[in-house]
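Source file: final09.json; contents: JSON, C-alpha atoms.
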```json
[["chain", "number", "residue", "atom", "x", "y", "z"],
["A", 1, "MET", "CA", 109.36, 156.87, 228.26],
["A", 2, "THR", "CA", 107.22, 156.17, 231.27],
["A", 3, "SER", "CA", 105.34, 152.98, 231.98],
["A", 4, "GLU", "CA", 102.14, 154.99, 231.56],
["A", 5, "ASN", "CA", 103.08, 155.83, 227.95],
["A", 6, "ALA", "CA", 103.94, 152.18, 227.28],
["A", 7, "ARG", "CA", 100.44, 151.15, 228.34],
["A", 8, "ARG", "CA", 98.78, 153.35, 225.72],
["A", 9, "PRO", "CA", 97.26, 151.60, 222.67],
["A", 10, "ILE", "CA", 98.73, 151.17, 219.21],
["A", 11, "GLY", "CA", 96.67, 152.88, 216.53],
["A", 12, "VAL", "CA", 95.98, 151.08, 213.25],
["A", 13, "PHE", "CA", 93.98, 152.49, 210.34],
["A", 14, "ASP", "CA", 92.86, 151.49, 206.88],
["A", 15, "SER", "CA", 90.19, 152.63, 204.46],
["A", 16, "GLY", "CA", 88.12, 149.63, 205.53],
["A", 17, "VAL", "CA", 88.67, 146.11, 206.83],
["A", 18, "GLY", "CA", 91.72, 145.03, 204.81],
["A", 19, "GLY", "CA", 94.05, 146.35, 207.48],
["A", 20, "LEU", "CA", 92.66, 143.73, 209.83],
["A", 21, "THR", "CA", 95.13, 141.32, 208.20],
["A", 22, "VAL", "CA", 97.86, 143.58, 209.60],
["A", 23, "LEU", "CA", 96.12, 143.74, 212.99],
["A", 24, "LYS", "CA", 96.01, 139.95, 213.06],
["A", 25, "ALA", "CA", 99.77, 139.79, 212.45],
["A", 26, "LEU", "CA", 100.40, 142.48, 215.07],
["A", 27, "ARG", "CA", 98.38, 140.57, 217.64],
["A", 28, "ALA", "CA", 100.43, 137.42, 216.98],
["A", 29, "VAL", "CA", 103.72, 139.25, 217.58],
["A", 30, "LEU", "CA", 102.51, 141.62, 220.34],
["A", 31, "PRO", "CA", 99.96, 139.69, 222.42],
["A", 32, "HIS", "CA", 100.10, 142.08, 225.40],
["A", 33, "GLU", "CA", 99.48, 145.29, 223.48],
["A", 34, "ASP", "CA", 96.16, 147.15, 223.26],
["A", 35, "PHE", "CA", 95.06, 148.06, 219.72],
["A", 36, "LEU", "CA", 92.75, 150.76, 218.44],
["A", 37, "TYR", "CA", 91.67, 150.02, 214.87],
["A", 38, "LEU", "CA", 89.84, 152.54, 212.68],
["A", 39, "GLY", "CA", 88.31, 151.60, 209.35],
["A", 40, "ASP", "CA", 87.30, 154.63, 207.26],
["A", 41, "THR", "CA", 84.46, 152.69, 205.68],
["A", 42, "ALA", "CA", 82.43, 155.79, 204.76],
["A", 43, "ARG", "CA", 85.08, 156.81, 202.21],
["A", 44, "LEU", "CA", 86.51, 153.55, 200.89],
["A", 45, "PRO", "CA", 88.16, 152.59, 198.65],
["A", 46, "TYR", "CA", 91.25, 154.80, 198.90],
["A", 47, "GLY", "CA", 92.89, 153.00, 195.98],
["A", 48, "THR", "CA", 90.90, 154.84, 193.29],
["A", 49, "LYS", "CA", 91.31, 158.35, 194.77],
["A", 50, "SER", "CA", 93.96, 161.01, 194.20],
["A", 51, "GLY", "CA", 97.04, 161.23, 196.39],
["A", 52, "ALA", "CA", 95.92, 164.59, 197.79],
["A", 53, "THR", "CA", 92.54, 163.16, 198.80],
["A", 54, "VAL", "CA", 94.07, 160.08, 200.40],
["A", 55, "THR", "CA", 96.51, 162.26, 202.36],
["A", 56, "ARG", "CA", 93.67, 164.44, 203.62],
["A", 57, "TYR", "CA", 91.72, 161.37, 204.73],
["A", 58, "ALA", "CA", 94.81, 159.91, 206.42],
["A", 59, "LEU", "CA", 95.40, 163.10, 208.40],
["A", 60, "GLN", "CA", 91.78, 163.19, 209.56],
["A", 61, "THR", "CA", 91.83, 159.51, 210.52],
["A", 62, "THR", "CA", 95.09, 159.90, 212.41],
["A", 63, "ARG", "CA", 93.71, 162.87, 214.34],
["A", 64, "GLN", "CA", 90.91, 160.62, 215.65],
["A", 65, "LEU", "CA", 93.47, 158.06, 216.86],
["A", 66, "VAL", "CA", 95.86, 160.64, 218.31],
["A", 67, "ASP", "CA", 93.00, 162.21, 220.25],
["A", 68, "ARG", "CA", 92.44, 158.78, 221.77],
["A", 69, "GLY", "CA", 96.03, 158.60, 222.97],
["A", 70, "VAL", "CA", 97.83, 156.13, 220.70],
["A", 71, "LYS", "CA", 101.59, 155.67, 221.24],
["A", 72, "LEU", "CA", 102.39, 154.52, 217.69],
["A", 73, "LEU", "CA", 100.54, 154.60, 214.37],
["A", 74, "VAL", "CA", 100.42, 151.76, 211.85],
["A", 75, "VAL", "CA", 99.19, 152.84, 208.42],
["A", 76, "ALA", "CA", 97.71, 149.47, 207.45],
["A", 77, "CYS", "CA", 96.82, 150.65, 203.97],
["A", 78, "ASN", "CA", 99.18, 150.39, 201.02],
["A", 79, "THR", "CA", 97.60, 153.34, 199.23],
["A", 80, "ALA", "CA", 97.90, 155.67, 202.24],
["A", 81, "SER", "CA", 101.40, 154.34, 202.95],
["A", 82, "SER", "CA", 102.41, 155.23, 199.40],
["A", 83, "VAL", "CA", 101.44, 158.92, 199.62],
["A", 84, "ALA", "CA", 100.68, 160.09, 203.16],
["A", 85, "LEU", "CA", 103.60, 159.09, 205.41],
["A", 86, "PRO", "CA", 105.63, 162.33, 205.01],
["A", 87, "ASP", "CA", 102.58, 164.47, 205.86],
["A", 88, "LEU", "CA", 101.67, 162.30, 208.84],
["A", 89, "GLU", "CA", 105.21, 162.44, 210.20],
["A", 90, "SER", "CA", 105.27, 166.21, 209.73],
["A", 91, "ALA", "CA", 101.88, 166.71, 211.39],
["A", 92, "TYR", "CA", 102.72, 164.46, 214.38],
["A", 93, "PRO", "CA", 106.49, 164.71, 214.91],
["A", 94, "GLY", "CA", 106.42, 162.92, 218.27],
["A", 95, "LEU", "CA", 104.41, 159.95, 216.98],
["A", 96, "PRO", "CA", 106.19, 156.93, 215.47],
["A", 97, "VAL", "CA", 104.51, 156.14, 212.11],
["A", 98, "ILE", "CA", 105.00, 152.83, 210.30],
["A", 99, "GLY", "CA", 103.53, 152.03, 206.89],
["A", 100, "VAL", "CA", 103.31, 148.67, 205.15],
["A", 101, "ILE", "CA", 105.25, 149.36, 201.96],
["A", 102, "GLU", "CA", 108.80, 149.58, 203.32],
["A", 103, "PRO", "CA", 108.49, 146.31, 205.30],
["A", 104, "GLY", "CA", 106.95, 144.66, 202.23],
["A", 105, "ALA", "CA", 109.82, 145.84, 200.05],
["A", 106, "GLN", "CA", 112.34, 144.46, 202.54],
["A", 107, "ALA", "CA", 110.58, 141.08, 202.57],
["A", 108, "CYS", "CA", 110.41, 140.72, 198.80],
["A", 109, "CYS", "CA", 114.05, 141.75, 198.32],
["A", 110, "ARG", "CA", 115.09, 139.00, 200.74],
["A", 111, "ASN", "CA", 113.08, 136.52, 198.68],
["A", 112, "ALA", "CA", 114.23, 137.52, 195.20],
["A", 113, "PRO", "CA", 117.61, 135.88, 194.49],
["A", 114, "ARG", "CA", 117.48, 136.96, 190.83],
["A", 115, "GLY", "CA", 115.93, 140.35, 191.57],
["A", 116, "ARG", "CA", 112.72, 139.55, 189.69],
["A", 117, "ILE", "CA", 109.77, 141.02, 191.60],
["A", 118, "ALA", "CA", 106.09, 141.25, 190.65],
["A", 119, "VAL", "CA", 103.71, 143.54, 192.56],
["A", 120, "ILE", "CA", 99.91, 143.53, 192.58],
["A", 121, "ALA", "CA", 98.08, 146.36, 194.32],
["A", 122, "THR", "CA", 95.31, 148.91, 193.96],
["A", 123, "ALA", "CA", 95.41, 151.44, 191.14],
["A", 124, "GLY", "CA", 96.55, 154.17, 193.53],
["A", 125, "THR", "CA", 99.52, 152.21, 194.87],
["A", 126, "VAL", "CA", 100.61, 151.18, 191.36],
["A", 127, "ARG", "CA", 100.19, 154.72, 190.05],
["A", 128, "ASN", "CA", 102.37, 156.18, 192.80],
["A", 129, "ALA", "CA", 105.12, 153.61, 192.17],
["A", 130, "ALA", "CA", 105.86, 153.46, 195.89],
["A", 131, "TYR", "CA", 106.80, 149.78, 195.89],
["A", 132, "GLN", "CA", 109.10, 150.25, 192.94],
["A", 133, "ALA", "CA", 110.90, 153.12, 194.67],
["A", 134, "ALA", "CA", 111.23, 151.21, 197.96],
["A", 135, "ILE", "CA", 112.50, 148.07, 196.22],
["A", 136, "LEU", "CA", 115.00, 149.93, 194.05],
["A", 137, "ARG", "CA", 116.47, 151.66, 197.09],
["A", 138, "LEU", "CA", 117.34, 148.20, 198.39],
["A", 139, "ARG", "CA", 118.00, 146.40, 195.09],
["A", 140, "PRO", "CA", 118.90, 148.91, 192.35],
["A", 141, "GLU", "CA", 119.36, 146.06, 189.86],
["A", 142, "ALA", "CA", 115.88, 144.60, 190.43],
["A", 143, "THR", "CA", 113.44, 143.91, 187.60],
["A", 144, "ILE", "CA", 109.96, 144.97, 188.72],
["A", 145, "ALA", "CA", 106.55, 144.58, 187.06],
["A", 146, "THR", "CA", 103.30, 145.83, 188.57],
["A", 147, "ARG", "CA", 99.60, 145.41, 187.92],
["A", 148, "PRO", "CA", 96.51, 146.97, 189.55],
["A", 149, "CYS", "CA", 93.98, 144.33, 190.65],
["A", 150, "GLN", "CA", 91.05, 146.38, 191.89],
["A", 151, "LEU", "CA", 88.50, 143.56, 191.62],
["A", 152, "PHE", "CA", 90.40, 141.64, 194.31],
["A", 153, "VAL", "CA", 89.25, 144.23, 196.86],
["A", 154, "SER", "CA", 85.58, 143.63, 196.03],
["A", 155, "LEU", "CA", 86.01, 139.85, 196.03],
["A", 156, "ALA", "CA", 87.65, 139.93, 199.46],
["A", 157, "GLU", "CA", 84.96, 142.13, 200.95],
["A", 158, "GLU", "CA", 82.21, 139.89, 199.57],
["A", 159, "GLY", "CA", 83.92, 136.87, 201.12],
["A", 160, "TRP", "CA", 84.47, 135.32, 197.67],
["A", 161, "THR", "CA", 87.94, 134.03, 198.39],
["A", 162, "GLU", "CA", 88.12, 130.72, 196.54],
["A", 163, "GLY", "CA", 86.61, 128.70, 193.70],
["A", 164, "PRO", "CA", 86.65, 128.81, 189.89],
["A", 165, "LEU", "CA", 85.36, 132.41, 189.62],
["A", 166, "VAL", "CA", 88.09, 133.82, 191.88],
["A", 167, "GLU", "CA", 90.79, 131.70, 190.26],
["A", 168, "GLY", "CA", 89.63, 132.83, 186.80],
["A", 169, "ILE", "CA", 89.87, 136.50, 187.75],
["A", 170, "ALA", "CA", 93.26, 135.88, 189.36],
["A", 171, "ALA", "CA", 94.52, 134.20, 186.20],
["A", 172, "ARG", "CA", 93.24, 137.09, 184.05],
["A", 173, "TYR", "CA", 95.20, 139.56, 186.17],
["A", 174, "LEU", "CA", 98.34, 137.51, 186.70],
["A", 175, "GLU", "CA", 99.03, 135.82, 183.36],
["A", 176, "PRO", "CA", 100.05, 139.05, 181.56],
["A", 177, "LEU", "CA", 102.04, 140.10, 184.63],
["A", 178, "MET", "CA", 103.98, 136.81, 184.64],
["A", 179, "ALA", "CA", 104.63, 137.24, 180.91],
["A", 180, "GLU", "CA", 106.76, 140.31, 181.64],
["A", 181, "PHE", "CA", 109.50, 138.07, 183.11],
["A", 182, "PRO", "CA", 111.85, 135.59, 181.42],
["A", 183, "ASP", "CA", 110.26, 132.11, 181.44],
["A", 184, "HIS", "CA", 107.10, 133.78, 182.85],
["A", 185, "GLU", "CA", 108.63, 133.41, 186.30],
["A", 186, "PRO", "CA", 109.47, 136.17, 188.79],
["A", 187, "ASP", "CA", 111.10, 135.22, 192.08],
["A", 188, "CYS", "CA", 108.20, 136.52, 194.13],
["A", 189, "LEU", "CA", 104.83, 138.23, 193.98],
["A", 190, "VAL", "CA", 104.07, 140.97, 196.51],
["A", 191, "LEU", "CA", 100.49, 141.22, 197.76],
["A", 192, "GLY", "CA", 100.53, 145.01, 197.75],
["A", 193, "CYS", "CA", 97.09, 145.52, 199.27],
["A", 194, "THR", "CA", 95.96, 144.42, 202.72],
["A", 195, "HIS", "CA", 92.82, 142.87, 201.23],
["A", 196, "PHE", "CA", 94.77, 140.46, 199.06],
["A", 197, "PRO", "CA", 96.05, 137.95, 201.68],
["A", 198, "VAL", "CA", 92.57, 136.45, 202.09],
["A", 199, "LEU", "CA", 92.72, 135.56, 198.38],
["A", 200, "ALA", "CA", 96.18, 134.01, 198.70],
["A", 201, "PRO", "CA", 95.05, 130.37, 198.23],
["A", 202, "ALA", "CA", 93.32, 131.23, 194.94],
["A", 203, "ILE", "CA", 96.26, 133.37, 193.79],
["A", 204, "ARG", "CA", 98.66, 130.57, 194.69],
["A", 205, "LYS", "CA", 96.78, 128.11, 192.46],
["A", 206, "VAL", "CA", 97.34, 130.17, 189.31],
["A", 207, "LEU", "CA", 100.98, 131.07, 189.99],
["A", 208, "PRO", "CA", 104.00, 129.04, 188.91],
["A", 209, "GLU", "CA", 104.99, 126.83, 191.83],
["A", 210, "GLU", "CA", 108.41, 128.45, 192.24],
["A", 211, "VAL", "CA", 107.03, 131.99, 192.74],
["A", 212, "ARG", "CA", 106.93, 133.01, 196.40],
["A", 213, "LEU", "CA", 103.99, 135.01, 197.75],
["A", 214, "ILE", "CA", 104.96, 137.96, 199.95],
["A", 215, "ASP", "CA", 102.49, 139.36, 202.51],
["A", 216, "SER", "CA", 103.91, 142.44, 204.23],
["A", 217, "ALA", "CA", 101.72, 142.06, 207.33],
["A", 218, "ALA", "CA", 104.15, 139.80, 209.23],
["A", 219, "THR", "CA", 107.15, 141.98, 208.33],
["A", 220, "THR", "CA", 105.24, 145.11, 209.37],
["A", 221, "ALA", "CA", 104.39, 143.54, 212.71],
["A", 222, "GLN", "CA", 108.05, 142.77, 213.34],
["A", 223, "CYS", "CA", 109.00, 146.37, 212.49],
["A", 224, "VAL", "CA", 106.43, 147.64, 214.99],
["A", 225, "ALA", "CA", 107.77, 145.32, 217.70],
["A", 226, "GLU", "CA", 111.33, 146.54, 217.08],
["A", 227, "GLU", "CA", 110.25, 150.20, 217.12],
["A", 228, "LEU", "CA", 108.38, 149.80, 220.40],
["A", 229, "SER", "CA", 111.29, 147.95, 221.98],
["A", 230, "GLY", "CA", 113.79, 150.58, 220.83],
["A", 231, "ARG", "CA", 111.69, 153.36, 222.32],
["A", 232, "GLY", "CA", 110.94, 151.53, 225.58],
["A", 233, "LEU", "CA", 107.25, 151.44, 224.69],
["A", 234, "LEU", "CA", 106.46, 147.73, 224.92],
["A", 235, "ASN", "CA", 103.48, 147.21, 227.20],
["A", 236, "PRO", "CA", 104.78, 145.66, 230.44],
["A", 237, "SER", "CA", 101.44, 144.08, 231.32],
["A", 238, "PRO", "CA", 101.43, 140.26, 231.38],
["A", 239, "GLU", "CA", 97.72, 140.24, 230.46],
["A", 240, "PRO", "CA", 96.36, 139.72, 226.94],
["A", 241, "GLY", "CA", 95.83, 143.05, 225.22],
["A", 242, "ALA", "CA", 92.45, 144.51, 224.28],
["A", 243, "GLU", "CA", 91.13, 145.54, 220.86],
["A", 244, "THR", "CA", 88.84, 148.47, 220.10],
["A", 245, "PHE", "CA", 87.21, 148.79, 216.67],
["A", 246, "LEU", "CA", 86.00, 152.06, 215.14],
["A", 247, "ALA", "CA", 84.30, 152.58, 211.77],
["A", 248, "THR", "CA", 83.05, 155.67, 209.97],
["A", 249, "ASP", "CA", 80.01, 153.88, 208.48],
["A", 250, "ASP", "CA", 77.83, 150.79, 209.03],
["A", 251, "PRO", "CA", 79.32, 148.91, 212.01],
["A", 252, "GLU", "CA", 77.27, 145.83, 211.11],
["A", 253, "ARG", "CA", 78.88, 145.54, 207.67],
["A", 254, "PHE", "CA", 82.31, 146.23, 209.15],
["A", 255, "ALA", "CA", 81.82, 143.39, 211.64],
["A", 256, "ARG", "CA", 80.51, 141.01, 208.98],
["A", 257, "MET", "CA", 83.47, 141.64, 206.69],
["A", 258, "GLY", "CA", 85.89, 141.80, 209.61],
["A", 259, "GLU", "CA", 85.17, 138.18, 210.45],
["A", 260, "ILE", "CA", 86.55, 137.20, 207.03],
["A", 261, "PHE", "CA", 89.83, 139.03, 207.59],
["A", 262, "LEU", "CA", 90.29, 138.11, 211.25],
["A", 263, "ASN", "CA", 89.02, 134.56, 210.76],
["A", 264, "ARG", "CA", 87.05, 134.79, 214.00],
["A", 265, "GLU", "CA", 83.79, 136.18, 215.30],
["A", 266, "LEU", "CA", 83.47, 139.96, 215.54],
["A", 267, "PRO", "CA", 80.12, 141.09, 217.02],
["A", 268, "ALA", "CA", 78.72, 144.32, 215.57],
["A", 269, "THR", "CA", 78.30, 145.57, 219.13],
["A", 270, "ASP", "CA", 82.12, 145.64, 219.39],
["A", 271, "VAL", "CA", 82.37, 148.23, 216.58],
["A", 272, "THR", "CA", 81.82, 151.92, 217.43],
["A", 273, "LEU", "CA", 80.62, 154.39, 214.81],
["A", 274, "VAL", "CA", 82.72, 157.58, 214.68],
["A", 275, "ASP", "CA", 82.53, 160.78, 212.65],
["A", 276, "LEU", "CA", 85.72, 162.29, 211.27]]
```

Encoded form using structure tokens:
Amino acid sequence: MTSENARRPIGVFDSGVGGLTVLKALRAVLPHEDFLYLGDTARLPYGTKSGATVTRYALQTTRQLVDRGVKLLVVACNTASSVALPDLESAYPGLPVIGVIEPGAQACCRNAPRGRIAVIATAGTVRNAAYQAAILRLRPEATIATRPCQLFVSLAEEGWTEGPLVEGIAARYLEPLMAEFPDHEPDCLVLGCTHFPVLAPAIRKVLPEEVRLIDSAATTAQCVAEELSGRGLLNPSPEPGAETFLATDDPERFARMGEIFLNRELPATDVTLVDL
């Protein structure tokens, strides 16, 4: 690969702003890379839609990023990662594609000494059983329980990330999930949606102390770094990388919610409206 290819941006997409938690982790590991982030906010949430619809949206979103010259694609959406990766890889055979489910499965298997793993996600990710399949490939003996937690997406996007209301909803979701394990205690709980990490403090408060929380963002970022290094695509520039934000609807709302997920200011003028 040429130095010119290495200087191209990394593409990241999600149905909205949740994937910014992955972008934040990527930036920490790859400070010299340029990133092009697309939030398909006109058609969110993906988690309640059929696999065929999500795959169609993912292909359209990826086309926008490919046309802008990305060197690698990060599918920063658990729902799209659960159904669309084979079609994306087939449509763009020369483009490295990394989803968030496989790295998340690797992380939880490393943190489950007894093989007891709980997964919370959107309805689409739970329905497709993608985490279960990825975990069982690594740990065939694992005991896995899953639960869709769709309200967590709305809470995160409203910025309601802590307090009695959030903790009450978290307890309502998690108590029956914990009850599926001996002593009500899995080894770990996988945050199987990129929105969920901003609710981690509230989730942590209603979990047994011994249960580890697994956020796949950091593991995904490490996988991306290894893939770029293996392909000779790490950006050689010593300068801090740039970030470009695209949204398919309402850049002002994207920026407002984006500040919650990035934990820093994001001016609406930095978000470009695009049509897929």

In the coordinates of the file, take the point (92.3, 144.1, 226.5) and a cut-off of 9 Å; then, counting only C-alpha atoms, name each qualifying protein, DNA or RNA residue as a VMD selection string. chain A and resid 32 to 35 239 to 244

One decimal place gives the atom CA of Ala84 of chain A-atom CA of Thr55 of chain A separation as 4.8 Å

Rounded to one decimal place, report the atom CA of Asp270 of chain A-atom CA of Leu233 of chain A distance in Å.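 Those two atoms sit 26.3 Å apart.
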
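Using all atoms listed in the file for every distance, the candidate list A:Val70, A:Thr21, A:Pro96, A:Leu177 yields A:Pro96 as the residue closest to Gly230 of chain A.
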
Which distance in Å separates atom CA of Pro93 of chain A and atom CA of Leu59 of chain A, to one decimal?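 Calculated distance between atom CA of Pro93 of chain A and atom CA of Leu59 of chain A is 13.0 Å.
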
Identify the residues around (105.4, 147.3, 186.2) within a radius of 9 Å, measuring from only C-alpha atoms in the coordinates stated by the file, and give them as an mmCIF file with C-alpha atoms, keeping the file's coordinate frame.
```cif
data_model
loop_
_atom_site.group_PDB
_atom_site.id
_atom_site.type_symbol
_atom_site.label_atom_id
_atom_site.label_comp_id
_atom_site.auth_asym_id
_atom_site.auth_seq_id
_atom_site.Cartn_x
_atom_site.Cartn_y
_atom_site.Cartn_z
ATOM 1 C CA ALA A 118 106.090 141.250 190.650
ATOM 2 C CA VAL A 119 103.710 143.540 192.560
ATOM 3 C CA VAL A 126 100.610 151.180 191.360
ATOM 4 C CA ALA A 129 105.120 153.610 192.170
ATOM 5 C CA GLN A 132 109.100 150.250 192.940
ATOM 6 C CA THR A 143 113.440 143.910 187.600
ATOM 7 C CA ILE A 144 109.960 144.970 188.720
ATOM 8 C CA ALA A 145 106.550 144.580 187.060
ATOM 9 C CA THR A 146 103.300 145.830 188.570
ATOM 10 C CA ARG A 147 99.600 145.410 187.920
ATOM 11 C CA LEU A 177 102.040 140.100 184.630
ATOM 12 C CA GLU A 180 106.760 140.310 181.640
#
```

Skip segment 164-172 of chain A itself and residues of its chain fewer than 6 positions away, then list as a PyMOL selection string all residues within 9 Å of it, counting only C-alpha atoms. chain A and resi 149+151-152+155+199+202-203+205-207

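With distances taken over all atoms listed in the file, A:Val29 is the one residue among A:Leu23, A:Val29, A:Leu73, A:Leu262 lying closest to Gln222 of chain A.
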
Here is a test: counting all atoms listed in the file, which residue of A:Arg116, A:Gly94, A:Asp215, A:Tyr57 is nearest to Pro182 of chain A?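 Checking each candidate against Pro182 of chain A, we get A:Arg116 as the closest.
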
List the spatial neighbours of segment 106-108 of chain A as a ChimeraX atom specification - criterion: any atom at most 12 Å away, all atoms listed in the file, same-chain residues fewer than 2 positions off excluded. /A:100-104,110-119,131-139,142,144,186-192,211-220,222-223
